[in-house]
Each structure stands twice: as structure tokens, then as C-alpha cells.
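J.: Below is the file work16.cif, with mmCIF, C-alpha atoms and all ligand atoms.
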data_entry
#
loop_
_atom_site.label_atom_id
_atom_site.label_comp_id
_atom_site.auth_asym_id
_atom_site.auth_seq_id
_atom_site.Cartn_x
_atom_site.Cartn_y
_atom_site.Cartn_z
CA MET A 1 74.96 60.17 27.18
CA SER A 2 71.43 58.84 27.21
CA ILE A 3 68.64 61.13 28.38
CA GLN A 4 67.70 58.27 30.72
CA SER A 5 71.12 57.90 32.34
CA PHE A 6 70.01 59.66 35.54
CA ARG A 7 67.88 56.61 36.25
CA SER A 8 70.95 54.38 36.50
CA THR A 9 73.28 56.91 38.11
CA GLY A 10 70.66 58.52 40.37
CA MET A 11 72.07 61.90 39.39
CA ILE A 12 70.92 64.25 36.66
CA SER A 13 73.54 65.94 34.49
CA ILE A 14 73.46 69.45 33.05
CA GLU A 15 73.27 67.93 29.54
CA GLU A 16 70.18 65.96 30.49
CA LEU A 17 68.56 68.99 32.14
CA ARG A 18 69.24 71.01 28.97
CA LYS A 19 67.60 68.37 26.80
CA LEU A 20 64.57 68.47 29.09
CA LYS A 21 64.47 72.31 28.69
CA LEU A 22 65.03 72.80 32.44
CA ILE A 23 68.09 75.08 32.12
CA PRO A 24 67.43 78.76 31.34
CA PRO A 25 69.03 80.32 28.27
CA GLU A 26 72.42 81.96 28.88
CA GLU A 27 71.00 85.47 28.28
CA ARG A 28 68.41 84.95 31.05
CA LEU A 29 71.00 83.48 33.42
CA LYS A 30 73.17 86.55 33.00
CA LYS A 31 70.30 88.91 33.89
CA GLY A 32 70.00 87.78 37.52
CA PRO A 33 68.65 85.09 39.85
CA VAL A 34 66.55 82.47 38.14
CA VAL A 35 65.09 79.13 39.08
CA ILE A 36 66.56 75.78 38.03
CA VAL A 37 64.01 72.99 38.43
CA GLU A 38 65.89 69.68 38.43
CA CYS A 39 62.80 67.51 38.18
CA PRO A 40 63.25 65.02 35.33
CA GLU A 41 60.68 62.36 36.26
CA LYS A 42 57.02 62.48 35.31
CA ILE A 43 55.78 62.09 38.86
CA PRO A 44 52.29 63.16 39.95
CA CYS A 45 53.30 66.39 41.69
CA ASN A 46 52.66 70.07 41.04
CA ILE A 47 53.38 71.73 44.39
CA CYS A 48 55.86 74.13 42.77
CA VAL A 49 53.11 75.49 40.51
CA ASP A 50 51.04 76.77 43.45
CA ALA A 51 54.13 77.84 45.42
CA CYS A 52 55.25 80.39 42.82
CA PRO A 53 53.80 83.88 43.37
CA GLN A 54 54.72 84.86 39.81
CA ASN A 55 53.01 81.92 38.07
CA ALA A 56 56.33 81.15 36.46
CA ILE A 57 55.93 77.36 36.68
CA THR A 58 53.25 75.41 34.84
CA ILE A 59 52.52 71.71 34.61
CA LYS A 60 49.97 71.07 31.90
CA ASN A 61 49.08 67.64 33.16
CA ILE A 62 50.05 66.53 36.67
CA ASN A 63 52.03 63.66 35.18
CA GLU A 64 54.13 65.94 32.94
CA LEU A 65 57.36 67.80 33.68
CA PRO A 66 57.30 71.40 34.93
CA GLU A 67 57.67 74.14 32.31
CA ILE A 68 59.30 77.39 33.36
CA ASP A 69 58.67 80.89 32.08
CA TRP A 70 62.14 82.25 32.84
CA ASN A 71 61.05 85.82 32.23
CA LYS A 72 58.37 85.65 34.93
CA CYS A 73 60.74 84.16 37.51
CA THR A 74 62.23 86.72 39.92
CA GLY A 75 64.50 84.18 41.62
CA CYS A 76 62.72 84.71 44.95
CA GLY A 77 63.39 81.11 46.08
CA THR A 78 59.91 80.41 47.48
CA CYS A 79 59.49 77.28 45.37
CA VAL A 80 62.84 75.99 46.71
CA ALA A 81 61.19 75.62 50.13
CA TYR A 82 58.11 73.81 48.88
CA CYS A 83 59.49 71.12 46.57
CA PRO A 84 59.21 67.81 48.46
CA GLY A 85 62.00 66.38 46.32
CA LEU A 86 64.44 69.21 47.20
CA ALA A 87 64.86 69.50 43.45
CA ILE A 88 64.60 73.27 42.96
CA PHE A 89 67.48 75.76 43.09
CA VAL A 90 68.10 79.39 42.17
CA VAL A 91 71.26 80.45 40.36
CA ASP A 92 72.54 84.01 39.89
CA ILE A 93 75.52 84.61 37.62
CA SER A 94 74.86 88.29 37.00
CA LYS A 95 77.94 89.47 38.97
CA PRO A 96 81.50 89.10 37.67
CA ASN A 97 83.53 86.11 38.93
CA LYS A 98 81.02 85.08 41.60
CA ALA A 99 77.89 82.98 41.48
CA TYR A 100 75.06 82.83 44.00
CA VAL A 101 73.35 79.49 44.43
CA THR A 102 70.22 79.02 46.52
CA VAL A 103 69.56 75.56 47.92
CA PRO A 104 67.10 73.91 50.31
CA HIS A 105 68.53 72.86 53.69
CA GLU A 106 66.70 70.49 56.03
CA PHE A 107 69.55 69.49 58.32
CA LEU A 108 70.85 70.91 61.56
CA PRO A 109 72.66 73.04 62.30
CA VAL A 110 71.33 75.93 60.29
CA PRO A 111 74.13 78.31 59.26
CA LYS A 112 74.14 82.00 60.09
CA LEU A 113 74.53 84.90 57.68
CA GLY A 114 78.21 85.33 56.82
CA ASP A 115 79.20 81.78 57.79
CA GLU A 116 81.54 79.78 55.60
CA VAL A 117 80.00 76.41 54.79
CA THR A 118 81.08 73.44 52.73
CA VAL A 119 79.37 73.31 49.35
CA LEU A 120 78.46 69.97 47.79
CA SER A 121 77.73 68.75 44.28
CA ARG A 122 74.68 66.70 43.28
CA ASP A 123 76.44 63.49 44.30
CA GLY A 124 77.62 64.89 47.63
CA THR A 125 81.20 65.60 46.58
CA LYS A 126 82.79 68.45 48.52
CA LEU A 127 83.51 71.28 46.05
CA GLY A 128 84.96 73.81 48.48
CA LYS A 129 83.63 76.63 50.62
CA GLY A 130 80.80 79.09 50.12
CA LYS A 131 79.75 82.16 52.11
CA VAL A 132 76.15 82.34 53.32
CA VAL A 133 74.65 85.61 52.02
CA LYS A 134 70.91 85.04 52.49
CA ILE A 135 68.73 82.80 54.64
CA PHE A 136 64.99 82.42 55.05
CA GLU A 137 62.67 79.76 56.33
CA ARG A 138 59.41 78.67 54.75
CA ASN A 139 57.38 75.49 54.92
CA ARG A 140 59.76 74.26 57.68
CA THR A 141 62.62 74.31 55.15
CA TRP A 142 65.59 76.65 55.25
CA VAL A 143 66.45 78.34 51.98
CA ILE A 144 70.13 79.26 51.92
CA THR A 145 71.98 81.34 49.35
CA VAL A 146 75.75 80.90 49.14
CA GLU A 147 78.36 82.89 47.26
CA VAL A 148 80.68 80.55 45.37
CA PRO A 149 83.23 80.80 42.55
CA ARG A 150 81.51 81.35 39.22
CA GLU A 151 82.55 77.95 37.83
CA PHE A 152 80.48 76.22 40.53
CA ALA A 153 77.18 77.87 39.56
CA MET A 154 75.82 74.72 37.96
CA GLU A 155 77.58 72.31 40.32
CA VAL A 156 76.73 73.39 43.89
CA ARG A 157 73.43 71.86 44.94
CA ALA A 158 73.69 71.46 48.74
CA ILE A 159 75.55 72.80 51.74
CA TRP A 160 77.08 71.09 54.73
CA VAL A 161 77.64 72.94 57.98
CA GLU A 162 80.74 71.36 59.54
CA LYS A 163 80.70 71.47 63.35
S1 LIG A 201 62.13 81.40 42.30
FE1 LIG A 201 60.25 82.51 42.91
S2 LIG A 201 59.51 83.44 41.02
FE2 LIG A 201 61.02 81.88 40.41
S3 LIG A 201 59.81 80.05 39.98
FE3 LIG A 201 60.44 79.93 42.15
S4 LIG A 201 58.77 80.86 43.32
FE4 LIG A 201 58.51 81.44 41.17
S1 LIG A 202 57.37 70.40 43.50
FE1 LIG A 202 59.39 69.51 43.05
S2 LIG A 202 59.01 67.32 42.70
FE2 LIG A 202 57.02 68.39 42.56
S3 LIG A 202 56.81 68.83 40.32
FE3 LIG A 202 57.71 70.64 41.29
S4 LIG A 202 59.94 70.36 41.02
FE4 LIG A 202 58.97 68.34 40.70
#
Any chance you could give the structure as C-alpha cells?

T.:
Amino acid sequence: MSIQSFRSTGMISIEELRKLKLIPPEERLKKGPVVIVECPEKIPCNICVDACPQNAITIKNINELPEIDWNKCTGCGTCVAYCPGLAIFVVDISKPNKAYVTVPHEFLPVPKLGDEVTVLSRDGTKLGKGKVVKIFERNRTWVITVEVPREFAMEVRAIWVEK
């Protein structure tokens, strides 16, 4: 698969993110929540750099891709709320069998803690159900953490609250 294929499909793959050094090493993933910045285009933006209280994200030149210091990232999710492209997520695979995925949510309704919501892949495919375990609001964006089966850790990238 070409590194550029996301331009024709409109959807980045894990392989492409790995090639762009945007996926943390397995050892870091296993330690606890960590940011996944799915920002593959060299667009003039660096909002995530200032949003991070740990200085874990750097962009050397505003037209370059973000670089992440995985060891500085605490997985707090603040940057998730500030990315205008809704391109930042937090993944936690430190617990057995389960994964915790944190996504931005700018639709109504907003789920409540403990709710079961539909979890969606990058292309909007329904993957199943997830349980809401954490919610906070920042920058007029809801940041929602859902518990999902471990195999969905790198697949779930949005939620849908069915009425
Ligand atoms: S999750 Fe928190 S610590 Fe990690 S990069 Fe984002 S803002 Fe920084
Ligand atoms: S804020 Fe979002 S779109 Fe802007 S550079 Fe960071 S990850 Fe990319």
C-alpha cells in the first residue's frame, strides 16, 4: 500500500500511520493511555503543540507533521479537544482483554457515564458497542472514553449515540 493512499481513500490506515511514526511503540502502548495523532498531511497547524500541558507534541516547522514524545504523554486527552481536524485520540491497552479509546465528540446528544454507545471505525462502519467510562468537555468539544474489546483499540475512532 502506498504511503499516499489515504489521499485517494480519504482514510488513513494503521500501516500508513506507522510509516509516518505516528503510532507509539508496543512497549509504550502497554504501559497505559497514550496519544495517537492521526495527522498525515503537512498542513499549517500546530494547535496541538500548545494544547499539551506536558510538551509531548512538537512541530519543528508549522508545515511539518507533529512529532510525539510518547514518554512525556500522560494520555490526559486535552489535545483531543483542541485539534480542529478531530484527528487526535488516546488509546489504553494496559488492561487485559479490554481497550480504552478516547475520541472527540461534537454531536448531540452527549452520552452519560455508563451509557452503551455505538462505536465506529475511521470510515464510519459500526464496530459494535462500547461503554462510556470517562467524559469531559474542553474547547466546546466533548472528550469521551469508551471501553471496547481489545481488538478494537486501533479501529474505534468515533462514537454514535443512538436515540
Ligand atoms: S494526551 Fe495529554 S499529555 Fe498526551 S499529547 Fe495529548 S495533551 Fe499531551
Ligand atoms: S491540531 Fe490536529 S490538525 Fe493541527 S497539527 Fe495537531 S493533529 Fe494536526

J.: Atom CA of Cys76 of chain A to atom CA of Lys112 of chain A: how many Å, to one decimal?

T.: 19.2 Å

J.: May I have the protein, DNA and RNA residues with an atom at most 10 Å from (75.9, 88.7, 40.6), counting only C-alpha atoms in the file's coordinates, returned as a ChimeraX atom specification?

T.: /A:30-33,91-100,147,150

J.: Collect all residues with atoms no farther than 7 Å from ligand LIG 202 (chain A), counting all atoms listed in the file, and output them as a ChimeraX atom specification.

T.: /A:37-39,43,45-49,65-66,82-88

J.: Tell me, as a VMD selection string, which residues lie within 10 Å of Ala56 of chain A, counting only C-alpha atoms; anything in the same chain fewer than 3 positions away does not count.

T.: chain A and resid 35 48 to 53 66 to 74

J.: One decimal, in Å: what's the spacing between atom CA of Gly10 of chain A and atom CA of Thr118 of chain A?

T.: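 Going from atom CA of Gly10 of chain A over to atom CA of Thr118 of chain A, I get 22.0 Å.
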
J.: Point out the residue among A:Val161, A:Lys134, A:Leu127, A:Thr78 with the least atom-to-atom distance to Pro149 of chain A, counting all atoms listed in the file.

T.: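 Nearest to Pro149 of chain A: A:Leu127.
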
J.: Could you please determine the separation between atom CA of Gly128 of chain A and atom CA of Pro24 of chain A in Å, to one decimal place?

T.: 25.0 Å

J.: Please list as a list in words every residue within 7 Å of Ser121 of chain A, counting only C-alpha atoms and excluding residues in the same chain fewer than 4 positions away.

T.: Thr125, Lys126, Leu127, Glu155, Val156, Arg157 and Ala158 of chain A

J.: Fewer than 6 positions away in the same chain doesn't count, so skip those; otherwise give me all residues within 8 Å of Pro40 of chain A, counting all atoms listed in the file, as a list in words.

T.: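 Non-adjacent residues within range: Ile12, Leu17, Leu20 and Leu65 of chain A.
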
J.: Need the shell around Leu108 of chain A: protein/DNA/RNA residues with any atom at most 12 Å away, counting all atoms listed in the file. Skip same-chain ones fewer than 6 positions apart. Format as a PyMOL selection string?

T.: chain A and resi 141-142+159-163

J.: Calculated over all atoms listed in the file, which of the candidates A:Val132, A:Val34, A:Lys19, A:Glu26 has the smallest distance to ligand LIG 201 (chain A)?

T.: A:Val34

J.: Which one of A:Ile135, A:Val103, A:Cys79, A:Leu22 sits closest to ligand LIG 201 (chain A) if you count only C-alpha atoms and all ligand atoms?

T.: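 Once distances to ligand LIG 201 (chain A) are computed over only C-alpha atoms and all ligand atoms, the minimum belongs to A:Cys79.
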
J.: When you count only C-alpha atoms and all ligand atoms, which of these residues is closest to ligand LIG 201 (chain A): A:Pro111, A:Arg7, A:Ile14, A:Val143?

T.: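 Comparing A:Pro111, A:Arg7, A:Ile14, A:Val143 against ligand LIG 201 (chain A), the winner is A:Val143.
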
J.: With distances taken over only C-alpha atoms and all ligand atoms, which of A:Gly124, A:Pro44, A:Pro109, A:Gly75 is nearest to ligand LIG 201 (chain A)?

T.: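 Nearest to ligand LIG 201 (chain A): A:Gly75.
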